[in-house]
Structure formats: structure tokens, C-alpha cells
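Peer 1: Input file: entry-v4.cif. Contents: mmCIF, C-alpha atoms.
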data_protein
loop_
_atom_site.label_atom_id
_atom_site.label_comp_id
_atom_site.auth_asym_id
_atom_site.auth_seq_id
_atom_site.Cartn_x
_atom_site.Cartn_y
_atom_site.Cartn_z
CA MET A 216 -22.76 61.38 -1.08
CA ALA A 217 -26.44 61.54 -0.54
CA ALA A 218 -26.62 63.73 2.51
CA LEU A 219 -29.71 65.43 3.85
CA TRP A 220 -29.65 68.42 6.20
CA LEU A 221 -32.63 69.02 8.43
CA ASN A 222 -32.66 72.05 10.72
CA PRO A 223 -35.14 72.68 13.53
CA GLY A 224 -38.30 74.02 11.98
CA PRO A 225 -39.66 73.24 8.50
CA ALA A 226 -37.77 70.36 6.91
CA ASP A 227 -35.67 71.22 3.88
CA ALA A 228 -34.22 68.34 1.88
CA ASN A 229 -31.27 69.31 -0.26
CA ASP A 230 -28.94 66.89 -2.00
CA THR A 231 -25.47 68.27 -1.29
CA THR A 232 -23.89 66.61 -4.28
CA GLY A 233 -24.31 66.25 -8.01
CA ALA A 234 -24.04 63.18 -10.18
CA ILE A 235 -20.66 62.23 -11.55
CA ALA A 236 -20.14 61.94 -15.28
CA THR A 237 -19.91 58.40 -16.61
CA ALA A 238 -17.32 57.25 -19.09
CA ALA A 239 -18.04 57.37 -22.80
CA SER A 240 -20.31 54.65 -24.10
CA THR A 241 -18.94 51.91 -26.26
CA ARG A 242 -21.98 52.43 -28.51
CA THR A 243 -21.08 54.66 -31.44
CA GLY A 244 -22.52 58.14 -31.08
CA ALA A 245 -23.88 57.65 -27.55
CA GLY A 246 -21.69 60.36 -26.13
CA ASP A 247 -22.22 63.06 -28.74
CA PRO A 248 -24.27 66.19 -27.94
CA ALA A 249 -27.08 65.32 -30.33
CA SER A 250 -27.54 61.93 -28.72
CA ARG A 251 -27.54 63.40 -25.21
CA ALA A 252 -30.02 66.08 -26.17
CA GLY A 253 -32.49 63.45 -27.36
CA ARG A 254 -32.54 61.62 -24.06
CA SER A 255 -35.28 61.90 -21.50
CA SER A 256 -34.37 63.39 -18.14
CA LEU A 257 -36.12 60.46 -16.48
CA PRO A 258 -34.04 57.34 -15.76
CA ALA A 259 -34.29 54.46 -18.20
CA VAL A 260 -35.97 51.24 -17.08
CA VAL A 261 -34.38 47.78 -17.11
CA SER A 262 -37.31 45.52 -18.00
CA ALA A 263 -35.52 42.18 -18.27
CA VAL A 264 -32.17 40.53 -17.48
CA THR A 265 -31.05 37.25 -19.03
CA VAL A 266 -27.91 35.15 -18.62
CA THR A 267 -26.88 32.65 -21.27
CA THR A 268 -23.85 30.42 -21.80
CA GLU A 269 -22.02 28.95 -24.78
CA GLY A 270 -18.90 26.96 -23.97
CA PRO A 271 -16.48 29.11 -21.92
CA ARG A 272 -18.51 32.27 -22.60
CA THR A 273 -21.31 33.73 -20.50
CA ARG A 274 -23.47 36.63 -21.68
CA LEU A 275 -25.47 39.00 -19.48
CA THR A 276 -28.14 40.95 -21.40
CA LEU A 277 -30.27 43.83 -20.07
CA ASP A 278 -33.34 45.06 -21.96
CA LEU A 279 -33.87 48.81 -21.63
CA THR A 280 -36.47 51.41 -22.48
CA ARG A 281 -33.70 53.60 -23.93
CA ALA A 282 -29.94 53.59 -24.35
CA VAL A 283 -27.58 54.38 -21.46
CA GLU A 284 -23.83 54.71 -21.16
CA ILE A 285 -21.81 51.80 -19.81
CA ARG A 286 -18.43 51.22 -18.20
CA ALA A 287 -17.22 47.80 -17.01
CA PHE A 288 -14.13 46.52 -15.22
CA ALA A 289 -13.03 43.39 -13.36
CA LEU A 290 -11.75 42.96 -9.81
CA GLY A 291 -10.06 40.05 -8.07
CA ASP A 292 -10.05 38.69 -4.53
CA PRO A 293 -12.87 37.79 -4.93
CA TYR A 294 -13.38 37.63 -8.68
CA ARG A 295 -16.17 39.91 -9.84
CA VAL A 296 -17.12 42.25 -12.65
CA ILE A 297 -18.42 45.77 -12.02
CA VAL A 298 -20.76 47.39 -14.54
CA ASP A 299 -21.51 51.10 -14.07
CA ILE A 300 -24.33 52.67 -16.08
CA ASP A 301 -26.49 55.77 -16.03
CA GLU A 302 -29.09 55.73 -13.26
CA VAL A 303 -31.85 53.27 -14.17
CA HIS A 304 -34.91 51.75 -12.54
CA PHE A 305 -34.74 47.96 -12.27
CA GLN A 306 -38.22 46.56 -12.88
CA VAL A 307 -37.36 42.87 -12.86
CA PRO A 308 -38.56 39.86 -10.82
CA GLN A 309 -37.53 39.85 -7.16
CA HIS A 310 -35.11 36.92 -7.30
CA THR A 311 -33.29 38.04 -10.45
CA GLY A 312 -29.57 37.35 -10.16
CA THR A 313 -29.68 34.57 -7.59
CA GLU A 314 -29.13 31.58 -9.92
CA ARG A 315 -25.68 30.40 -11.02
CA THR A 316 -25.16 30.34 -14.80
CA GLY A 317 -21.81 29.67 -16.44
CA VAL A 318 -19.07 31.79 -14.90
CA VAL A 319 -21.71 33.97 -13.17
CA GLN A 320 -22.21 32.87 -9.56
CA ALA A 321 -24.81 35.58 -8.90
CA PHE A 322 -25.31 39.28 -9.53
CA ARG A 323 -26.94 42.23 -7.79
CA PHE A 324 -27.85 45.73 -8.83
CA GLY A 325 -29.05 49.07 -7.52
CA LEU A 326 -28.42 52.79 -7.21
CA PHE A 327 -24.74 53.36 -6.45
CA ALA A 328 -24.50 57.16 -6.45
CA PRO A 329 -26.60 60.10 -7.68
CA GLY A 330 -26.97 59.54 -11.42
CA LYS A 331 -25.25 56.15 -11.45
CA SER A 332 -26.47 52.58 -11.07
CA ARG A 333 -24.19 49.61 -10.61
CA ILE A 334 -24.32 45.89 -11.36
CA VAL A 335 -21.92 43.64 -9.44
CA ILE A 336 -21.40 40.20 -10.98
CA ASP A 337 -19.89 37.61 -8.64
CA LEU A 338 -17.86 35.07 -10.60
CA THR A 339 -17.20 31.39 -9.98
CA GLY A 340 -13.55 31.98 -10.94
CA PRO A 341 -11.28 34.20 -13.03
CA ALA A 342 -12.81 35.61 -16.21
CA VAL A 343 -12.15 38.43 -18.66
CA ILE A 344 -14.55 40.94 -20.19
CA GLU A 345 -14.64 40.27 -23.91
CA ARG A 346 -17.27 42.91 -24.60
CA ALA A 347 -19.36 45.43 -22.69
CA ALA A 348 -21.50 47.49 -25.02
CA ALA A 349 -24.80 49.28 -25.52
CA GLU A 350 -26.77 48.06 -28.55
CA ASP A 351 -29.33 50.10 -30.48
CA PRO A 352 -32.82 48.63 -30.95
CA ARG A 353 -33.09 46.34 -33.97
CA GLU A 354 -35.46 43.80 -35.48
CA GLY A 355 -38.16 44.63 -32.99
CA GLN A 356 -35.81 44.26 -30.01
CA PRO A 357 -35.37 47.04 -27.39
CA PRO A 358 -32.09 48.84 -26.64
CA ARG A 359 -29.80 46.49 -24.76
CA LEU A 360 -26.67 46.27 -22.69
CA VAL A 361 -24.55 43.23 -23.41
CA ILE A 362 -21.67 42.00 -21.22
CA ASP A 363 -19.72 39.04 -22.59
CA LEU A 364 -17.46 37.18 -20.15
CA LYS A 365 -14.99 34.40 -20.90
CA THR A 366 -13.47 32.04 -18.37
CA THR A 367 -9.68 32.11 -18.01
CA ASP A 368 -7.01 31.05 -15.53
CA VAL A 369 -5.33 33.14 -12.87
CA ASP A 370 -2.46 34.14 -15.16
CA GLY A 371 -4.88 35.09 -17.92
CA PHE A 372 -6.83 37.26 -15.51
CA ARG A 373 -3.67 39.00 -14.33
CA ARG A 374 -2.51 39.62 -17.90
CA ALA A 375 -5.88 41.11 -18.80
CA GLN A 376 -5.71 43.40 -15.78
CA ALA A 377 -2.19 44.49 -16.68
CA ASP A 378 -3.14 45.12 -20.31
CA ARG A 379 -5.97 47.40 -19.23
CA ALA A 380 -4.01 49.21 -16.50
CA GLY A 381 -3.13 52.09 -18.81
CA SER A 382 -6.69 52.73 -19.98
CA ASN A 383 -9.20 55.01 -18.31
CA LEU A 384 -11.45 52.03 -17.75
CA ALA A 385 -9.03 50.29 -15.42
CA ARG A 386 -7.21 53.35 -14.11
CA ARG A 387 -10.35 55.12 -12.89
CA GLY A 388 -12.43 52.05 -12.08
CA ASP A 389 -14.24 52.42 -8.79
CA ARG A 390 -11.47 54.54 -7.33
CA GLU A 391 -13.49 57.39 -8.76
CA SER A 392 -15.46 58.86 -5.88
CA PRO A 393 -19.17 57.96 -5.97
CA ALA A 394 -19.87 61.68 -5.72
CA PRO A 395 -17.99 64.92 -5.13
CA ARG A 396 -17.46 65.49 -1.45
CA THR A 397 -18.76 68.75 -0.10
CA SER A 398 -17.09 69.82 3.11
CA LEU A 399 -19.52 70.73 5.86
CA ARG A 400 -16.92 72.04 8.28
CA GLY A 401 -17.65 75.49 9.58
CA GLN A 402 -21.39 75.22 8.97
CA VAL A 403 -22.33 73.72 12.31
CA GLN A 404 -19.84 75.03 14.86
CA ASP A 405 -22.54 76.98 16.70
CA GLY A 406 -26.13 76.19 17.52
CA PRO A 407 -27.81 72.88 18.31
CA PRO A 408 -25.75 69.67 18.39
CA VAL A 409 -25.58 67.65 15.19
CA ILE A 410 -26.92 64.10 15.18
CA ILE A 411 -26.11 61.68 12.38
CA ILE A 412 -28.63 58.96 11.59
CA ASP A 413 -27.09 56.23 9.44
CA PRO A 414 -29.54 53.77 7.83
CA GLY A 415 -27.41 50.75 6.97
CA HIS A 416 -26.87 49.27 3.50
CA GLY A 417 -28.80 50.77 0.55
CA GLY A 418 -28.83 50.73 -3.23
CA ILE A 419 -26.87 47.80 -4.58
CA ASP A 420 -26.39 46.44 -1.05
CA PRO A 421 -29.78 45.23 0.27
CA GLY A 422 -28.47 43.83 3.55
CA ALA A 423 -30.41 40.90 4.97
CA THR A 424 -33.65 39.79 3.32
CA ALA A 425 -36.63 38.36 5.21
CA ALA A 426 -38.64 35.37 4.05
CA THR A 427 -41.42 37.86 3.27
CA GLY A 428 -39.14 39.65 0.79
CA ASP A 429 -38.70 42.68 3.06
CA GLU A 430 -35.14 44.00 2.76
CA GLU A 431 -33.04 45.35 5.60
CA LYS A 432 -32.08 48.48 3.63
CA MET A 433 -35.72 49.61 3.40
CA ILE A 434 -36.73 48.50 6.91
CA VAL A 435 -33.99 50.61 8.49
CA LEU A 436 -34.58 53.55 6.14
CA ASP A 437 -38.27 53.67 7.12
CA PHE A 438 -37.31 53.68 10.80
CA ALA A 439 -34.56 56.27 10.34
CA ARG A 440 -36.97 58.69 8.66
CA VAL A 441 -39.39 58.44 11.59
CA LEU A 442 -36.55 58.95 14.07
CA ARG A 443 -35.26 61.93 12.10
CA ASP A 444 -38.66 63.61 12.11
CA LYS A 445 -39.09 63.12 15.84
CA LEU A 446 -35.65 64.56 16.64
CA VAL A 447 -36.18 67.54 14.34
CA ALA A 448 -39.62 68.21 15.87
CA THR A 449 -38.03 68.86 19.27
CA GLY A 450 -36.18 71.88 17.89
CA ARG A 451 -33.09 70.88 19.89
CA TYR A 452 -30.91 69.28 17.21
CA ARG A 453 -29.66 69.48 13.68
CA VAL A 454 -30.10 66.12 11.98
CA LEU A 455 -28.08 64.74 9.07
CA MET A 456 -28.87 61.41 7.43
CA THR A 457 -26.16 59.53 5.58
CA ARG A 458 -28.85 58.53 3.07
CA ASP A 459 -32.51 59.46 2.68
CA ARG A 460 -33.30 57.17 -0.24
CA ASP A 461 -32.36 53.77 -1.61
CA ILE A 462 -28.74 54.53 -2.51
CA PHE A 463 -25.38 53.00 -1.62
CA ILE A 464 -23.00 54.96 0.63
CA PRO A 465 -19.49 53.54 1.30
CA LEU A 466 -18.67 52.84 4.94
CA ALA A 467 -15.83 55.39 5.00
CA ASP A 468 -18.13 58.08 3.60
CA ARG A 469 -20.67 57.45 6.37
CA VAL A 470 -17.98 58.18 8.94
CA ARG A 471 -16.67 61.10 6.88
CA ILE A 472 -20.12 62.72 6.79
CA ALA A 473 -20.20 62.61 10.59
CA ARG A 474 -16.69 63.99 11.05
CA GLU A 475 -17.06 66.80 8.53
CA ALA A 476 -20.36 67.80 10.16
CA ARG A 477 -18.66 67.90 13.59
CA ALA A 478 -21.35 65.54 14.80
CA ALA A 479 -22.02 65.12 18.51
CA LEU A 480 -23.70 61.71 18.14
CA PHE A 481 -23.79 58.97 15.48
CA ILE A 482 -26.59 56.37 15.39
CA SER A 483 -26.31 53.59 12.81
CA VAL A 484 -29.48 51.55 12.24
CA HIS A 485 -29.54 47.93 11.06
CA ALA A 486 -31.61 44.73 11.30
CA ASP A 487 -29.84 41.48 12.15
CA SER A 488 -30.20 38.05 10.57
CA ILE A 489 -29.07 34.57 11.55
CA SER A 490 -28.96 31.88 8.89
CA GLY A 491 -31.30 29.04 9.76
CA ALA A 492 -32.61 30.81 12.85
CA ALA A 493 -36.25 30.48 13.85
CA ASP A 494 -38.16 32.73 16.20
CA ASN A 495 -35.77 32.00 19.09
CA ALA A 496 -33.40 34.79 17.91
CA ARG A 497 -35.33 37.98 18.45
CA GLY A 498 -35.12 41.51 19.77
CA THR A 499 -33.10 44.72 19.67
CA THR A 500 -29.37 44.89 20.36
CA VAL A 501 -27.23 48.00 20.87
CA TYR A 502 -23.58 47.75 19.82
CA THR A 503 -20.56 49.90 20.60
CA LEU A 504 -17.10 49.77 19.06
CA SER A 505 -14.50 47.39 20.43
CA ASP A 506 -11.27 46.10 18.98
CA ARG A 507 -12.24 42.76 20.48
CA ALA A 508 -15.80 41.51 20.01
CA SER A 509 -17.80 40.79 23.16
CA ASP A 510 -18.81 37.37 21.79
CA ALA A 511 -18.54 35.17 18.70
CA ASP A 512 -21.95 36.19 17.29
CA SER A 513 -21.01 39.88 17.49
CA GLU A 514 -17.73 39.22 15.72
CA LEU A 515 -19.51 37.42 12.87
CA LEU A 516 -22.07 40.22 12.61
CA ALA A 517 -19.36 42.89 12.41
CA GLU A 518 -17.60 40.89 9.69
CA ARG A 519 -20.83 40.77 7.66
CA GLU A 520 -21.58 44.46 8.09
CA ASN A 521 -18.00 45.45 7.27
CA LYS A 522 -18.27 43.66 3.92
CA ALA A 523 -20.74 46.25 2.60
CA ASP A 524 -18.13 48.00 0.44
CA ALA A 525 -17.00 44.72 -1.11
CA ILE A 526 -20.62 43.77 -1.81
CA ALA A 527 -21.04 47.03 -3.70
CA GLY A 528 -17.93 46.37 -5.79
CA LEU A 529 -15.44 48.73 -4.20
CA ASP A 530 -11.75 47.88 -4.50
CA LEU A 531 -10.34 48.14 -0.99
CA SER A 532 -6.78 47.13 -1.81
CA GLU A 533 -5.45 50.67 -1.47
CA GLU A 534 -7.53 51.97 1.42
CA PRO A 535 -5.33 54.08 3.73
CA SER A 536 -4.79 52.82 7.24
CA GLU A 537 -5.75 54.95 10.24
CA VAL A 538 -2.91 56.95 11.76
CA ALA A 539 -3.14 57.25 15.53
CA ASP A 540 -1.17 59.29 18.01
CA ILE A 541 -1.37 59.83 21.75
CA LEU A 542 -3.92 62.65 21.53
CA ILE A 543 -6.17 60.62 19.24
CA ASP A 544 -5.87 57.63 21.56
CA LEU A 545 -6.94 59.70 24.56
CA THR A 546 -9.86 61.15 22.62
CA ARG A 547 -10.86 57.67 21.50
CA ARG A 548 -10.98 56.44 25.10
CA GLU A 549 -13.20 59.32 26.14
CA THR A 550 -15.44 58.81 23.11
CA ARG A 551 -15.88 55.12 23.83
CA MET A 552 -16.90 55.98 27.38
CA PHE A 553 -19.58 58.34 26.08
CA SER A 554 -20.67 55.71 23.55
CA ALA A 555 -21.02 53.08 26.26
CA ASN A 556 -23.03 55.46 28.46
CA PHE A 557 -25.39 56.29 25.61
CA ALA A 558 -25.75 52.60 24.70
CA ARG A 559 -26.86 51.79 28.24
CA THR A 560 -29.32 54.68 28.28
CA LEU A 561 -30.63 53.71 24.85
CA ALA A 562 -31.17 50.06 25.76
CA GLY A 563 -32.89 51.13 28.97
CA GLU A 564 -35.36 53.37 27.13
CA MET A 565 -36.01 50.96 24.27
CA ARG A 566 -36.84 48.04 26.56
CA HIS A 567 -39.97 49.95 27.69
CA VAL A 568 -41.50 49.77 24.19
CA THR A 569 -39.92 46.87 22.31
CA ARG A 570 -38.52 43.41 22.82
CA MET A 571 -34.79 43.39 23.57
CA HIS A 572 -32.35 40.62 22.77
CA ARG A 573 -31.31 38.43 25.70
CA LEU A 574 -27.88 40.16 25.45
CA PRO A 575 -28.95 43.72 24.61
CA LEU A 576 -25.53 45.38 25.02
CA ARG A 577 -22.64 44.10 22.92
CA SER A 578 -19.51 45.35 21.17
CA ALA A 579 -17.51 44.53 18.04
CA GLY A 580 -15.26 46.13 15.41
CA PHE A 581 -17.84 47.87 13.21
CA GLN A 582 -16.24 50.14 10.61
CA VAL A 583 -18.99 52.78 10.83
CA LEU A 584 -18.31 53.30 14.54
CA ARG A 585 -14.63 54.18 14.11
CA ALA A 586 -14.78 57.99 14.31
CA HIS A 587 -12.43 58.48 17.26
CA ASP A 588 -14.06 61.73 18.40
CA ILE A 589 -17.80 61.04 17.93
CA PRO A 590 -19.85 58.93 20.37
CA SER A 591 -21.33 56.20 18.15
CA VAL A 592 -23.66 53.23 18.48
CA LEU A 593 -25.06 50.68 16.06
CA VAL A 594 -28.62 49.55 16.74
CA GLU A 595 -29.80 46.19 15.39
CA LEU A 596 -33.54 46.76 15.58
CA GLY A 597 -34.43 43.09 15.36
CA PHE A 598 -33.95 39.92 13.32
CA VAL A 599 -35.29 39.72 9.77
CA SER A 600 -34.79 35.96 10.14
CA SER A 601 -37.61 35.98 12.73
CA ARG A 602 -41.18 36.09 11.42
CA ARG A 603 -42.41 37.82 14.56
CA ASP A 604 -39.62 40.40 14.47
CA VAL A 605 -40.40 41.19 10.83
CA GLU A 606 -44.02 41.85 11.76
CA MET A 607 -42.72 44.23 14.43
CA LEU A 608 -40.12 45.93 12.20
CA THR A 609 -42.65 46.65 9.45
CA SER A 610 -45.29 48.07 11.81
CA ALA A 611 -45.84 51.83 11.62
CA ILE A 612 -47.05 51.86 15.24
CA TRP A 613 -43.89 50.06 16.38
CA ARG A 614 -41.69 52.51 14.47
CA GLU A 615 -43.38 55.49 16.12
CA ARG A 616 -43.09 54.12 19.65
CA THR A 617 -39.54 52.88 19.26
CA ALA A 618 -38.31 56.10 17.63
CA GLU A 619 -39.87 57.99 20.53
CA SER A 620 -37.85 55.90 22.99
CA VAL A 621 -34.64 56.61 21.06
CA GLY A 622 -35.48 60.30 21.21
CA LYS A 623 -35.77 60.11 25.00
CA ALA A 624 -32.37 58.46 25.23
CA VAL A 625 -30.86 61.17 23.02
CA GLU A 626 -32.33 63.84 25.27
CA GLN A 627 -30.82 62.21 28.37
CA PHE A 628 -27.45 61.86 26.65
CA PHE A 629 -27.15 65.55 25.87
CA ALA A 630 -28.59 66.62 29.21
CA ALA A 631 -25.88 64.62 31.00
CA ARG A 632 -23.10 66.01 28.82
CA THR A 633 -24.30 69.58 29.29
CA ALA A 634 -24.34 69.11 33.05
CA THR A 635 -20.80 67.72 33.18
CA ARG A 636 -19.18 69.71 30.36
CA PRO A 637 -20.09 73.38 30.14
CA ALA A 638 -17.69 73.94 27.25
CA ALA A 639 -18.22 72.72 23.72
CA ARG A 640 -16.54 69.44 22.75
CA ARG A 641 -14.52 71.20 20.07
#
Show me this structure written as C-alpha cells.
Peer 2:
Amino acid sequence: MAALWLNPGPADANDTTGAIATAASTRTGAGDPASRAGRSSLPAVVSAVTVTTEGPRTRLTLDLTRAVEIRAFALGDPYRVIVDIDEVHFQVPQHTGTERTGVVQAFRFGLFAPGKSRIVIDLTGPAVIERAAAEDPREGQPPRLVIDLKTTDVDGFRRAQADRAGSNLARRGDRESPAPRTSLRGQVQDGPPVIIIDPGHGGIDPGATAATGDEEKMIVLDFARVLRDKLVATGRYRVLMTRDRDIFIPLADRVRIAREARAALFISVHADSISGAADNARGTTVYTLSDRASDADSELLAERENKADAIAGLDLSEEPSEVADILIDLTRRETRMFSANFARTLAGEMRHVTRMHRLPLRSAGFQVLRAHDIPSVLVELGFVSSRRDVEMLTSAIWRERTAESVGKAVEQFFAARTATRPAARR
């Protein structure tokens, strides 16, 4: 997990995790010590991506500045292929991966974890991986990654999955943790309250994209950094960001970061989008958790946001269900009350400096708000589907003023809790 601790006083950014080791390359010799020693410590660059077809076969080819290791596996429901490689920089045209070719419906790519990039290939139907390999440079061509896919039927896909079930490729798949988890319990039991700032999306999951090309993942990250700095500058809080760069963090890990840090407040930051909407859908909305959405639009939004893990190629078929008991249920009720109080305070402060949505307070079943013992809100800063909102969201002056208003709401939240609860929450 890409977690960043910031204590009151001089900021100190420390990545609390290391990169995981990738599986051995299918290219002969790529995993031997001599080959590793010859590699640069800087990430390779993907300079071009092409997709070609021949009959039932579709080939995805990536041109690289140097060789990297590769691991590929397929997932169903929906059908897609996951390609994990060493961390690379993608220097390709903006709309790469959006056109359907052969069995490839579309594909996306980005940083998935420290040291690892991921390509997720959405398929038009079942297909098998015939070959996924790294090729050495030859005949004036650069090093390449080649992924060959062949269309099949449902039974063929299932047989291929069963045949590979005993191999490391299928057995480890994306059930391997994106990064070792470092427990933070015990580090923050005393001292200032801990606030989690959660910039939505990231890495392989860009979120919504504006007509200008601005991506939600970067819009919310820019705002979260400004908010972090303002909260730290007060000297009253410890601040932890779920991500401080363009990297993917699974939804469950975002909640886990907050719980392991014994957080007192969780603020998730997003930017909404409505397909086909013009400038009539505008403004900031503050959401709290509810098992039943407050309205149809909120329910659809929660469904989109909760698909982040699937977009990044995670297999959710074996995710454990939450176990609740009476004590947890009572805590959850109290937490939701605190969340609702903070949401009202937050909307009240933000309306002084920014445009609010006509329904500024809503609720829905957002996965990142499900920590039963941490007051949590999700803030949709505006609509990237609105030209005027995008101008606002990308303004440095707007970020400063709006982050200041959030800081005032945070101050009121903790002042009220201190007045009513002299003892610590835990």
C-alpha cells in the first residue's frame, strides 16, 4: 500500500511498503542474476502499443526501452486478461486502448503497486492466452512484450482455467497482495487525532475523464495534497493519505489503512460525472454511508465507484463477507451519527466558497465508507462532465479556498467531539 504519514511539523514522506517480486519472465534468461544486474534502476518506458488480428487470434504488442518481466492470467465474469509487469512509464497517445480490435474490447494500464504496473484487457467474450512473453530486440526492433489471445467458447475458457489452476500463474494471480501490509496499530494511540484523506481511483483506474482530458484520479489527488498540507499546518492532527501518487489502491485496503491507523475521521475525495450531462449538473455533494441509497442517482454513483477493484483487474469472487455482532452494530449506529453530523458541517462550510449541488447531502452504499468505527464521508467535489466545474476543479485558487473550508469543518467536528466526549474513542 502506498501510505504516507505526515506528522505536525516538517512533512516527512515515507513509503511504508516495498515492491513485491514479480513472477519469472517467460523470456529466457530474464530472471538470472546477470540479467538483473544489467538493468537500470529507472523504470522502462512503453513507447508504443499496437493491437492486430488474424482470424480468431488477437495480438497486443508493447514496444519498450528495455526488457521487463511479465505475468499474465485470465479472469471471467466479466472476461478479461490481466498482464502484470515491472513498473513502467506509459508514454503513449492519450486515447490508446479505447478502440475495439478482435477479441479486445478495450484495455487500460497504469501503476498497480510499488514496482508493478498492470494492463487490464477487457474482452468481447471468452478467450485464452496462447502466449505472453518478453522478446529481445532484433532486426532493428526494440524489446517487446507480446500477448497472443485466441477466441474460444465458455467451455474452452473453463478448461483453460482448470488446466492452469495448478500453476503459479493461476494460483497466485491477483490474489497476491499488491504490497506487504505494514500494521500501524500502536503507533497512534496517543497524541493528535488521525485523519485519513483518500483520493479516489489512481493508477490503472483513472475514474471519470473530462472532455478536456483531465482525469478524476489526478484532479482529486491535487486537491487532497492541498487539504493534507493545510491540516498538517495547524499542528492539531496526524494525516495519512491512502495514496500520494498516481497508484492504484484496492477499496478494502483504503478502509484497512484507516482502521489500522485507528483513524478518527476518513475523508474520501472524488469528482462525479454524468453521461451526456451538460452544465446543468454541477456542484459539490457530500455523501455518507447508507444501506439504502437516498436516491437513484446516488445508487448509480455508488455502483460505479464500487467497481474500482474490478476495473483494476482484481478477482473478487473470494472476498470475505463482513461479520457483524451486536457490539459492532451499536458502534456502527454511533459512527453513522457522527458521519452525518460531520457531513452537515462540511456542506455548510463548503457552500461559503464553492458551488454546491442542488442536493448537497446524500447517502449510498460506498465500499470505502464501511469502517464501522470511523466517521466517514465521501466528497464529490464537482462534475467532470461539466465544463464550468472542470474549470473550477483545476483552479489552484479554488483548491486553496475549498481545502480551507474543509479544514474549518474538521476543526468544528473535533471541537464538538471533545466537548461531548472527554474520553478517547478507543
Peer 1: Return the single residue from A:Ile344, A:Ala349, A:Met607, A:Ala558 that is closest to Val625 of chain A, with distances computed using all atoms listed in the file.
Peer 2: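 With all atoms listed in the file as the atom set, the closest residue is A:Ala558.
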Peer 1: So that I can check the surroundings of Ala586 of chain A, please list as JSON, numbers by chain every protein, DNA and RNA residue that reaches within 9 Å of it, counting only C-alpha atoms and ignoring chain neighbours fewer than 6 positions away.
Peer 2: {"A": [470, 471, 473, 474, 547, 550]}
Peer 1: Can you list, as a JSON list (two decimals) with C-alpha atoms, in the frame of the given file, the residues that the PyMOL selection byres ((chain A and resi 258-263) around 8) selects here?
Peer 2:
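Resulting contents of selection.json:
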[["chain", "number", "residue", "atom", "x", "y", "z"],
["A", 255, "SER", "CA", -35.28, 61.90, -21.50],
["A", 256, "SER", "CA", -34.37, 63.39, -18.14],
["A", 257, "LEU", "CA", -36.12, 60.46, -16.48],
["A", 264, "VAL", "CA", -32.17, 40.53, -17.48],
["A", 265, "THR", "CA", -31.05, 37.25, -19.03],
["A", 277, "LEU", "CA", -30.27, 43.83, -20.07],
["A", 278, "ASP", "CA", -33.34, 45.06, -21.96],
["A", 279, "LEU", "CA", -33.87, 48.81, -21.63],
["A", 280, "THR", "CA", -36.47, 51.41, -22.48],
["A", 281, "ARG", "CA", -33.70, 53.60, -23.93],
["A", 282, "ALA", "CA", -29.94, 53.59, -24.35],
["A", 283, "VAL", "CA", -27.58, 54.38, -21.46],
["A", 301, "ASP", "CA", -26.49, 55.77, -16.03],
["A", 302, "GLU", "CA", -29.09, 55.73, -13.26],
["A", 303, "VAL", "CA", -31.85, 53.27, -14.17],
["A", 304, "HIS", "CA", -34.91, 51.75, -12.54],
["A", 305, "PHE", "CA", -34.74, 47.96, -12.27],
["A", 306, "GLN", "CA", -38.22, 46.56, -12.88],
["A", 307, "VAL", "CA", -37.36, 42.87, -12.86]]
Peer 1: Here is a test: counting all atoms listed in the file, which residue of A:Pro271, A:Gly450, A:Pro414, A:Pro590 is nearest to Ile434 of chain A?
Peer 2: A:Pro414
Peer 1: May I ask for the distance between atom CA of Leu275 of chain A and atom CA of Ala347 of chain A, given in Å to one decimal place?
Peer 2: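 Between atom CA of Leu275 of chain A and atom CA of Ala347 of chain A the gap is 9.4 Å.
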